[in-house]
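S.K.: Questions regarding the structure given below will be posed in turn.
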Amino acid sequence: MSLIDILSVLAATIRLATPLILATLGGLFSERAGVIALGLEGMMLAASFAAASIATITGSPWLGLAAGMGVSMTISLIHGFASVTQRGDQVVSGMALNILVAGLCPTLGLAWFHLGGQTPALEHGQRFMPIVLPLADSLADVPLLGPVWNILIGGHNLIVYLAILLLPLSAWLLYRTAFGLRVRAVGENPHAVDAAGLSVAGLRYGALAVSGMLVGLAGADLSIAEGAGFGRDMTAGRGYVALAALIFGKWRPAPAFAACLLFAFCDALQVRLQGVALPIMGVVPVQMVEALPYLLTVFLLAGFVGSARAPHAIGVPFVKTR
Amino acid sequence: MATDRPAPAIAFDRITKRFGAVVANRGVSFEIGAGTIHGIIGENGAGKSTLMSILYGFYQADTGEIRLDGRPARIANTADAIRLGIGMVHQHFVLVETFTVLENLALGREGGLMLQPGIARARAAARAIEAAYGLAVDLDARVEDLPVGSRQRVEILKALYRGAEILILDEPTGVLTPDEAQQLFQILRRLKSEGKTVLLITHKLKEIMAVTDRVTVMRAGAVVGDVATADTDETDLAERMVGRKLAALPDRVPVMPTTPILSARALRIVDAGGVERVKSVDLDLRPGEIVGIAGVSGNGQSELMAALAGLAPLAGGTLTWDGAPVPALGRARALRRLGLGHIPEDRHKSGMVGPFEAWETSVLGYHRDAGHAHGAWLRPGFIRALTARRMVEYDVRPRDARLRTSAFSGGNQQKLICAREMARGPKVLLVGQPTRGVDVGAIEQIHARLRALKHEGTAILLVSVELDEILALADRILVMVDGRFTGELDRSEASERALGLLMAGVHGAAA
């Protein structure tokens with residue numbers, strides 16, 4: 001494997017990790033506030049559909065992005081209505097939303113665009129294109145630094161950089177601000193929050209709104225940045241992988257980020273390995289290689305999470321008691 | 001000499017609160033003087049908790065008025081109560097366990113976007129409060145790492161930090177050792193001397209007598225007594241609480257030395273987390289004797305009970321019944337067949353099934369008994385009739401064998417479980433916290449049942465965190481600390497103080 005090969009696998013890792021990171025951060029806010037983030041998949045899928053549709057119709061990726069975030073936030077708040085206000089079962093609510101979105105998006109897509117449930121392919125101006133960093137040309141011929149600058153650090157779309165920026169920002173929000181303290185408290189012991197004279201429901205809705213916006217970015221990344229249009233089931237279980245990363249990262253931003261990178265690296269490797277003859281095994285069937293990231297998820301969750309301690313009040317509807 | 005008295009800190013004026021058909025508070029009126037310690041006692045369901053919840057803004061009174069310092073107060077929610085200077089220390093602490101003490105203090109009072117200045121302010125204020133009231137707490141410790149007594153001080157600190165002038169404590173000593181309780185009372189007296197008003201909700205008469213200035217007695221939602229503590233005594237208060245004369249305690253019958261029926265030797269128990277909970281314990285249970293195990297909860301009593309009932313595996317040691325070893329395989333069933341009854345510590349978790357009807361709960365574990373079933377089919381008619389008879393015998397109310405178990409009050413649930421475990425005349429009875437969350441009337445009945453069983457020759461093991469209960473029932477008392485018996489006292493030489501010292505781990509104190 002040459003340097004360029006290695007760099008492109010790493011660059012692909014970053015690109016593939018982006019929606020995972022954003023969805024995981026979204027899940028982080030939801031779960032730390034005590035609401036199970038099982039709707040990540042549906043929120044992401046709906047966001048990618050909304051972003052692609054609006055970008056197609058208006059021609060503006062910015063409006064597409066706003067639509068994606070708005071739709072994801074709406075679904076997040078519907079999940080909140082079911083689980084916070086109506087005190088429903090959060091697993092049922094999350095799954096119901098996932099199933100609803102999985103059916104609704106292609107149906108609407110078919111009605112609006114007549115392309116078998118897809119949205120039309122977006123033109124360059126309608127989506128976020130890879131950004132060429134300054135000095136790209138002059139560094140191109142410098143050994144090592146040139147390829148690193150152009151392949152690994154540069155050449156990604158806007159949302160990739162946004163995700164990298166949002167990681168420390170989310171950690172800061174959660175651990176250094178009053179809002180973060182309250183969100184963490186409401187996920188651990190909502191009764192303490194209530195006894196402090198704060199609104200449990202208000203905080204959970206707030207956290208779910210933040211969660212919705214972050215997951216909306218993840219969905220938009222898939223359809224109007226990394227990809228050029230919406231395709232049926234285009235999230236392909238990434239919402240669940242993000243949830244796995246969250247659990248594997250023990251509900252902390254940095255370890256969860258590391259878990260996202262691991263899953264994404266596996267995914268990037270998977271693309272690279274297709275059709276390549278490996279020592280001993282020879283050429284492995286494509287399906288086998290494609291299953292690799294998912295197998296890793298199951299394997300890690302089953303074997304290596306250890307004594308991960310979930311937020312104490314997660315999944316439990318808050319009922320005010322004396 | 002008549003002087004103008006200052007307005008009382010709190011005045012309840014004809015407070016009435018209904019929940020559906022139940023009247024929780026019925027025209028409650030009384031006053032609490034500023035700078036006093038005021039006790040409120042009453043059985044479970046007497047309405048004292050509801051009244052406090054109204055004061056703290058959890059509920060709204062249907063009619064009536066609360067006045068603070070003479071001014072009518074509208075307390076629509078907890079935030080209002082806090083703003084009006086009311087602080088509450090709940091029976092079950094409401095702290096975020098994964099947070100530090102300071103983070104718990106700062107929650108809701110961060111005072112801006114950033115957390116750090118709020119934490120710094122909390123630290124300064126907490127130091128001042130500590131100095132003023134003698135409340136020593138490690139401010140940077142995580143709450144989950146603190147012992148129970150310290151957590152309670154955190155709750156008091158939190159209330160004071162939020163500006164409480166009136167402090168409500170709901171059953172504050174239930175989880176404390178006698179020594180910790182004394183420390184708490186010191187703090188309360190200090191608070192009083194600094195001009196704070198303290199409201200102490202409890203069912204322990206001794207505490208009322210020890211620390212309050214005035215006491216209000218509630219029964220069935222109404223005030224049935226409001227007296228200066230100096231003008232009353234425990235018996236008077238108890239009778240007001242229950243509404244009738246309490247039976248005098250029967251004389252203790254001396255225990256005849258006999259051979260033990262259930263014996264444990266060098267018993268060791270290791271929990272799922274690999275922690276050794278019981279460290280080489282010897283125990284003999286003899287017919288006609290009540291052995292009490294005293295200790296702060298969490299010192300291995302629960303694990304020991306479970307092991308003796310055959311519900312937890314032994315990491316070491318032996319268990320013999322009448323001199324013969326009890327088989328390790330299917331131990332729980334074998335013990336039951338031999339004649340072991342078990343009233344578990346946590347009735348909700350392991351004594352009953354809430355959604356089951358009373359007759360179903362009353363045969364849990366005994367459904368294979370003669371007459372209860374035809375092969376695989378239960379005989380509901382037979383069991384319901386049996387349950388109905390037991391409900392009369394054990395005074396379970398309401399007498400409805402088809403009522404859901406969870407619909408009964410705590411005392412009646414416990415009586416249902418007692419009936420199940422006692423009616424078969426067990427040779428050995430393991431009893432855990434038999435009167436936790438049970439009203440005074442039911443306590444009396446359950447204690448009488450235990451004494452009667454003892455006279456019939458049952459060997460009884462009683463585990464309780466209530467020292468009064470152990471002292472009232474046990475013939476022999478073992479104190480358990482950190483998985484070991486640290487002392488054994490005959491009832492005649494045991495006192496609350498001696499037991500308290502042993503429970504606190506002061507060895508040889510009883511000598």
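Identifiers in the structure tokens: chain A, B, ... in order shown; residue index from 1 per chain; ligand index from 1 in order shown.
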Need to verify the contact set: Leu166 of chain A, 9 Å, only C-alpha atoms, exclusion of same-chain residues closer than 3 positions in sequence. Can you return it as a list in words?
M.R.: Leu22, Leu25, Tyr161, Leu162, Ala163, Leu169, Ser170, Ala171 and Leu214 of chain A
S.K.: Could you list, as a PyMOL selection string, every residue within 10 Å of Arg190 of chain B, counting only C-alpha atoms and ignoring same-chain residues fewer than 5 positions away?
M.R.: chain B and resi 132-135+184-185+195-196
S.K.: Of the residues A:Ala277, A:Leu262, A:Leu115, A:Leu203, which is the one nearest to chain B, using only C-alpha atoms?
M.R.: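 Closest to chain B, using only C-alpha atoms: A:Leu203.
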S.K.: If you run DSSP on the backbone here, which positions in segment 257-496 of chain B get helix (DSSP H, G or I)? Please write them as a count of residues only.
M.R.: 82
S.K.: Output as a list in words the set of chain A residues within 6 Å of chain B, with distances taken over only C-alpha atoms.
M.R.: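 Putting it all together, I get Arg176, Thr177, Ala178, Asn189, Ala192, Ala196 and Gly197 of chain A.
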S.K.: Check segment 44-259 of chain B with DSSP on the backbone and list each residue it calls strand (DSSP E or B), as a VMD selection string.
M.R.: chain B and resid 63 to 68 71 to 73 86 to 89 100 114 142 166 to 170 197 to 202 214 to 219 222 to 228
S.K.: Name the residues in contact with segment 50-54 of chain A at a cut-off of 10 Å, using only C-alpha atoms, excluding same-chain residues fewer than 5 positions from it; report them as an MDAnalysis selection string.
M.R.: chainID A and resid 44:45 59:72 105 108:109 112:113 118:122 126:127 216:217 219:225 227:231
S.K.: Excluding Gly42 of chain B and its own-chain neighbours fewer than 6 positions away, which residues fall within 6 Å of it when counting only C-alpha atoms? Please give them as a PyMOL selection string.
M.R.: chain B and resi 217-219+241
S.K.: Within 8 Å of Pro106 of chain A, counting only C-alpha atoms, which residues show up once you throw out same-chain ones fewer than 3 positions away? Write them as a list of chain:residue names, please.
M.R.: A:Ala102, A:Gly103, A:Gly109, A:Leu110, A:Gly116, A:Gly117, A:Gln118, A:Arg232
S.K.: Selected residues, all heavy atoms, written as an mmCIF file, in the first residue's frame, please.
M.R.:
```
data_model
loop_
_atom_site.group_PDB
_atom_site.id
_atom_site.type_symbol
_atom_site.label_atom_id
_atom_site.label_comp_id
_atom_site.auth_asym_id
_atom_site.auth_seq_id
_atom_site.Cartn_x
_atom_site.Cartn_y
_atom_site.Cartn_z
ATOM 1 N N ALA A 102 -39.018 5.624 7.049
ATOM 2 C CA ALA A 102 -38.510 4.729 5.997
ATOM 3 C C ALA A 102 -39.546 4.546 4.897
ATOM 4 O O ALA A 102 -39.197 4.392 3.718
ATOM 5 C CB ALA A 102 -38.128 3.380 6.606
ATOM 6 N N GLY A 103 -40.833 4.576 5.261
ATOM 7 C CA GLY A 103 -41.861 4.419 4.241
ATOM 8 C C GLY A 103 -42.279 5.737 3.621
ATOM 9 O O GLY A 103 -42.544 5.827 2.412
ATOM 10 N N GLY A 109 -41.228 11.040 -2.193
ATOM 11 C CA GLY A 109 -40.277 11.226 -3.284
ATOM 12 C C GLY A 109 -40.888 10.805 -4.622
ATOM 13 O O GLY A 109 -40.783 11.512 -5.630
ATOM 14 N N LEU A 110 -41.583 9.664 -4.567
ATOM 15 C CA LEU A 110 -42.223 9.151 -5.785
ATOM 16 C C LEU A 110 -43.288 10.133 -6.267
ATOM 17 O O LEU A 110 -43.394 10.430 -7.469
ATOM 18 C CB LEU A 110 -42.859 7.788 -5.474
ATOM 19 C CG LEU A 110 -43.314 6.956 -6.672
ATOM 20 C CD1 LEU A 110 -42.108 6.587 -7.516
ATOM 21 C CD2 LEU A 110 -44.016 5.700 -6.178
ATOM 22 N N GLY A 116 -38.965 6.869 -8.829
ATOM 23 C CA GLY A 116 -38.859 5.640 -8.058
ATOM 24 C C GLY A 116 -38.494 5.859 -6.611
ATOM 25 O O GLY A 116 -37.883 5.001 -5.990
ATOM 26 N N GLY A 117 -38.840 7.018 -6.061
ATOM 27 C CA GLY A 117 -38.574 7.261 -4.645
ATOM 28 C C GLY A 117 -37.290 8.001 -4.403
ATOM 29 O O GLY A 117 -37.006 8.408 -3.284
ATOM 30 N N GLN A 118 -36.485 8.191 -5.450
ATOM 31 C CA GLN A 118 -35.263 8.977 -5.276
ATOM 32 C C GLN A 118 -35.561 10.438 -5.557
ATOM 33 O O GLN A 118 -36.617 10.793 -6.053
ATOM 34 C CB GLN A 118 -34.187 8.507 -6.252
ATOM 35 C CG GLN A 118 -33.820 7.066 -6.064
ATOM 36 C CD GLN A 118 -32.622 6.688 -6.903
ATOM 37 O OE1 GLN A 118 -32.249 7.406 -7.817
ATOM 38 N NE2 GLN A 118 -32.027 5.563 -6.577
ATOM 39 N N ARG A 232 -33.452 5.746 -1.561
ATOM 40 C CA ARG A 232 -34.195 4.948 -0.588
ATOM 41 C C ARG A 232 -33.240 4.287 0.429
ATOM 42 O O ARG A 232 -32.209 3.730 0.042
ATOM 43 C CB ARG A 232 -34.946 3.888 -1.385
ATOM 44 C CG ARG A 232 -35.849 2.997 -0.636
ATOM 45 C CD ARG A 232 -36.389 1.963 -1.622
ATOM 46 N NE ARG A 232 -37.393 2.555 -2.502
ATOM 47 C CZ ARG A 232 -38.708 2.292 -2.373
ATOM 48 N NH1 ARG A 232 -39.135 1.480 -1.449
ATOM 49 N NH2 ARG A 232 -39.560 2.839 -3.204
#
```
S.K.: Can you pull out the residues contacting Arg252 of chain A? Cut-off 9 Å, using only C-alpha atoms, and skip same-chain residues under 5 positions away; I want them as a list in words.
M.R.: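 So the residues in contact are Leu28, Ala171, Leu246, Ile247 and Phe257 of chain A.
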S.K.: Expressed in Å to a single decimal, how great is the separation between atom CA of Leu450 of chain B and atom CA of Cys418 of chain B?
M.R.: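 Interatomic distance here is 9.3 Å.
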S.K.: Write out as JSON lines a residue-level contact list of segment 182-264 of chain B versus segment 433-441 of chain B with cut-off 9 Å: for each qualifying residue the closest pair of atoms and the distance in Å to one decimal, counting only C-alpha atoms, rows sorted by chain and residue number upward.
M.R.:
```
{"residue": "B:His203", "atom": "CA", "partner": "B:Val440", "partner_atom": "CA", "distance": 8.7}
{"residue": "B:Ala238", "atom": "CA", "partner": "B:Val440", "partner_atom": "CA", "distance": 8.5}
{"residue": "B:Met241", "atom": "CA", "partner": "B:Val440", "partner_atom": "CA", "distance": 8.4}
{"residue": "B:Val242", "atom": "CA", "partner": "B:Gly441", "partner_atom": "CA", "distance": 6.8}
{"residue": "B:Leu246", "atom": "CA", "partner": "B:Gly441", "partner_atom": "CA", "distance": 8.7}
```
S.K.: So that I can see what lies close to Leu311 of chain B, please list as a PyMOL selection string the residues with an atom at most 10 Å from it, counting only C-alpha atoms and leaving out residues fewer than 5 positions away in the same chain.
M.R.: chain B and resi 303-306+330-333
S.K.: Provide the atom CA of Ile153 of chain A to atom CA of Arg15 of chain A distance in Å, to one decimal place.
M.R.: 10.8 Å
S.K.: Mind giving me the straight-line distance from atom CA of Arg476 of chain B to atom CA of Leu489 of chain B in Å, one decimal?
M.R.: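 Separation between atom CA of Arg476 of chain B and atom CA of Leu489 of chain B: 6.0 Å.
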